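Colleague: Quick one, final.cif (mmCIF, C-alpha atoms):
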```
data_protein
loop_
_atom_site.group_PDB
_atom_site.id
_atom_site.type_symbol
_atom_site.label_atom_id
_atom_site.label_comp_id
_atom_site.auth_asym_id
_atom_site.auth_seq_id
_atom_site.Cartn_x
_atom_site.Cartn_y
_atom_site.Cartn_z
ATOM 1 C CA MET A 32 2.510 1.774 31.438
ATOM 2 C CA THR A 33 2.495 -1.536 33.222
ATOM 3 C CA ASP A 34 -1.212 -1.884 33.995
ATOM 4 C CA VAL A 35 -2.797 -5.136 32.984
ATOM 5 C CA VAL A 36 -6.297 -4.584 31.606
ATOM 6 C CA ASP A 37 -8.933 -6.972 30.388
ATOM 7 C CA SER A 38 -10.475 -6.784 26.946
ATOM 8 C CA ASP A 39 -13.548 -4.894 28.171
ATOM 9 C CA GLU A 40 -11.405 -2.158 29.695
ATOM 10 C CA LEU A 41 -9.301 -1.959 26.543
ATOM 11 C CA LEU A 42 -12.456 -1.579 24.489
ATOM 12 C CA ARG A 43 -13.736 1.179 26.809
ATOM 13 C CA ARG A 44 -10.420 3.008 26.474
ATOM 14 C CA MET A 45 -10.531 2.792 22.694
ATOM 15 C CA HIS A 46 -14.090 4.165 22.685
ATOM 16 C CA ARG A 47 -12.977 7.061 24.914
ATOM 17 C CA ALA A 48 -10.023 7.702 22.610
ATOM 18 C CA ARG A 49 -12.368 7.765 19.623
ATOM 19 C CA ALA A 50 -14.704 10.223 21.353
ATOM 20 C CA CYS A 51 -11.754 12.428 22.267
ATOM 21 C CA ALA A 52 -10.374 12.348 18.704
ATOM 22 C CA LEU A 53 -13.809 13.220 17.330
ATOM 23 C CA GLU A 54 -14.122 16.227 19.646
ATOM 24 C CA GLU A 55 -10.578 17.419 18.956
ATOM 25 C CA GLY A 56 -11.137 17.105 15.199
ATOM 26 C CA ARG A 57 -14.267 19.238 15.464
ATOM 27 C CA SER A 58 -12.449 21.798 17.571
ATOM 28 C CA TRP A 59 -9.541 22.095 15.132
ATOM 29 C CA ARG A 60 -11.933 22.295 12.153
ATOM 30 C CA ALA A 61 -13.800 25.172 13.813
ATOM 31 C CA ARG A 62 -10.495 26.886 14.604
ATOM 32 C CA SER A 63 -9.363 26.490 11.003
ATOM 33 C CA GLU A 64 -12.573 28.065 9.716
ATOM 34 C CA ALA A 65 -12.385 30.906 12.241
ATOM 35 C CA LEU A 66 -8.783 31.729 11.303
ATOM 36 C CA ARG A 67 -9.247 31.477 7.532
ATOM 37 C CA ALA A 68 -9.762 35.226 6.958
ATOM 38 C CA THR A 69 -7.399 36.635 9.585
ATOM 39 C CA ASP A 70 -4.550 34.108 9.845
ATOM 40 C CA PRO A 71 -4.115 31.905 6.758
ATOM 41 C CA GLU A 72 -1.029 30.171 8.170
ATOM 42 C CA GLY A 73 -2.808 29.379 11.441
ATOM 43 C CA SER A 74 -5.777 28.144 9.458
ATOM 44 C CA ARG A 75 -3.552 25.761 7.475
ATOM 45 C CA GLU A 76 -1.953 24.472 10.682
ATOM 46 C CA ALA A 77 -5.387 23.827 12.170
ATOM 47 C CA ALA A 78 -6.494 22.085 8.958
ATOM 48 C CA VAL A 79 -3.475 19.758 9.151
ATOM 49 C CA ARG A 80 -4.327 18.904 12.745
ATOM 50 C CA THR A 81 -7.918 18.257 11.674
ATOM 51 C CA MET A 82 -6.692 15.762 9.066
ATOM 52 C CA ALA A 83 -4.516 14.042 11.677
ATOM 53 C CA TYR A 84 -7.490 13.534 13.978
ATOM 54 C CA GLU A 85 -9.566 12.293 11.045
ATOM 55 C CA ALA A 86 -6.881 9.690 10.348
ATOM 56 C CA VAL A 87 -6.954 8.589 13.983
ATOM 57 C CA LEU A 88 -10.746 8.293 13.762
ATOM 58 C CA ARG A 89 -10.533 6.122 10.649
ATOM 59 C CA VAL A 90 -8.085 3.772 12.356
ATOM 60 C CA LEU A 91 -10.114 3.530 15.557
ATOM 61 C CA ASP A 92 -13.316 3.012 13.565
ATOM 62 C CA GLU A 93 -11.706 0.128 11.704
ATOM 63 C CA VAL A 94 -10.438 -1.426 14.951
ATOM 64 C CA LEU A 95 -13.747 -1.011 16.760
ATOM 65 C CA THR A 96 -16.056 -1.919 13.847
ATOM 66 C CA PRO A 97 -14.053 -3.802 11.200
ATOM 67 C CA GLY A 98 -15.338 -3.480 7.643
ATOM 68 C CA ARG A 99 -17.983 -0.892 8.507
ATOM 69 C CA ARG A 100 -16.368 1.747 6.329
ATOM 70 C CA ALA A 101 -16.194 0.135 2.931
ATOM 71 C CA ARG A 102 -14.116 1.952 0.358
#
```
What does this structure look like when you write it as structure tokens?

Modeller:
Amino acid sequence: MTDVVDSDELLRRMHRARACALEEGRSWRARSEALRATDPEGSREAAVRTMAYEAVLRVLDEVLTPGRRAR
């Protein structure tokens, strides 16, 4: 990627990435719950993906709103 973007565009892209990660995390969580009874291995895989998206959300939240999530 060789595009030069200003700070406003970078911020918009990070907000879109956060929204996408939030939606994907919800989707994988729902898939994990749906597969729990019929496919335990698939449910575990979906749960791992859910945790990955949650990690991405935590990082983007900290970048976009530093200090908002106090430990």

Colleague: Can you tell me, as number ranges by chain, what residues are no more than 10 Å from A:Arg49 when counting all atoms listed in the file, ignoring any on the same chain fewer than 6 positions away?

Modeller: A: 43, 55, 84, 87-92, 95

Colleague: Any idea what the distance is between atom CA of A:Met82 and atom CA of A:Ala50?

Modeller: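 Value for the atom CA of A:Met82-atom CA of A:Ala50 distance: 15.7 Å.
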
Colleague: Between atom CA of A:Gly56 and atom CA of A:Arg80, what is the distance in Å, rounded to a tenth?

Modeller: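 Separation of atom CA of A:Gly56 and atom CA of A:Arg80: 7.5 Å.
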
Colleague: As an exercise, work out the distance from atom CA of A:Glu40 to atom CA of A:Ser58 in Å and give it to one decimal place.

Modeller: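 Answer for the atom CA of A:Glu40 to atom CA of A:Ser58 separation: 26.9 Å.
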
Colleague: Please list as a list in words every residue within 12 Å of A:Leu42, counting all atoms listed in the file and excluding residues in the same chain fewer than 3 positions away.

Modeller: Val36, Asp37, Ser38, Asp39, Met45, His46, Arg47, Ala48, Arg49, Leu91, Asp92, Val94, Leu95 and Thr96 of chain A

Colleague: Go ahead and write the residues just picked, C-alpha atoms, as a PDB file, in the coordinates of the input.

Modeller:
```pdb
ATOM      1  CA  VAL A  36      -6.297  -4.584  31.606  1.00  0.00           C
ATOM      2  CA  ASP A  37      -8.933  -6.972  30.388  1.00  0.00           C
ATOM      3  CA  SER A  38     -10.475  -6.784  26.946  1.00  0.00           C
ATOM      4  CA  ASP A  39     -13.548  -4.894  28.171  1.00  0.00           C
ATOM      5  CA  MET A  45     -10.531   2.792  22.694  1.00  0.00           C
ATOM      6  CA  HIS A  46     -14.090   4.165  22.685  1.00  0.00           C
ATOM      7  CA  ARG A  47     -12.977   7.061  24.914  1.00  0.00           C
ATOM      8  CA  ALA A  48     -10.023   7.702  22.610  1.00  0.00           C
ATOM      9  CA  ARG A  49     -12.368   7.765  19.623  1.00  0.00           C
ATOM     10  CA  LEU A  91     -10.114   3.530  15.557  1.00  0.00           C
ATOM     11  CA  ASP A  92     -13.316   3.012  13.565  1.00  0.00           C
ATOM     12  CA  VAL A  94     -10.438  -1.426  14.951  1.00  0.00           C
ATOM     13  CA  LEU A  95     -13.747  -1.011  16.760  1.00  0.00           C
ATOM     14  CA  THR A  96     -16.056  -1.919  13.847  1.00  0.00           C
TER      15      THR A  96
END
```

Colleague: Extract, using only C-alpha atoms, all DNA, RNA and protein residues at most 12 Å from A:Ala77, discarding same-chain residues fewer than 3 positions from it, and format them as a PyMOL selection string.

Modeller: chain A and resi 55-67+70-74+80-84
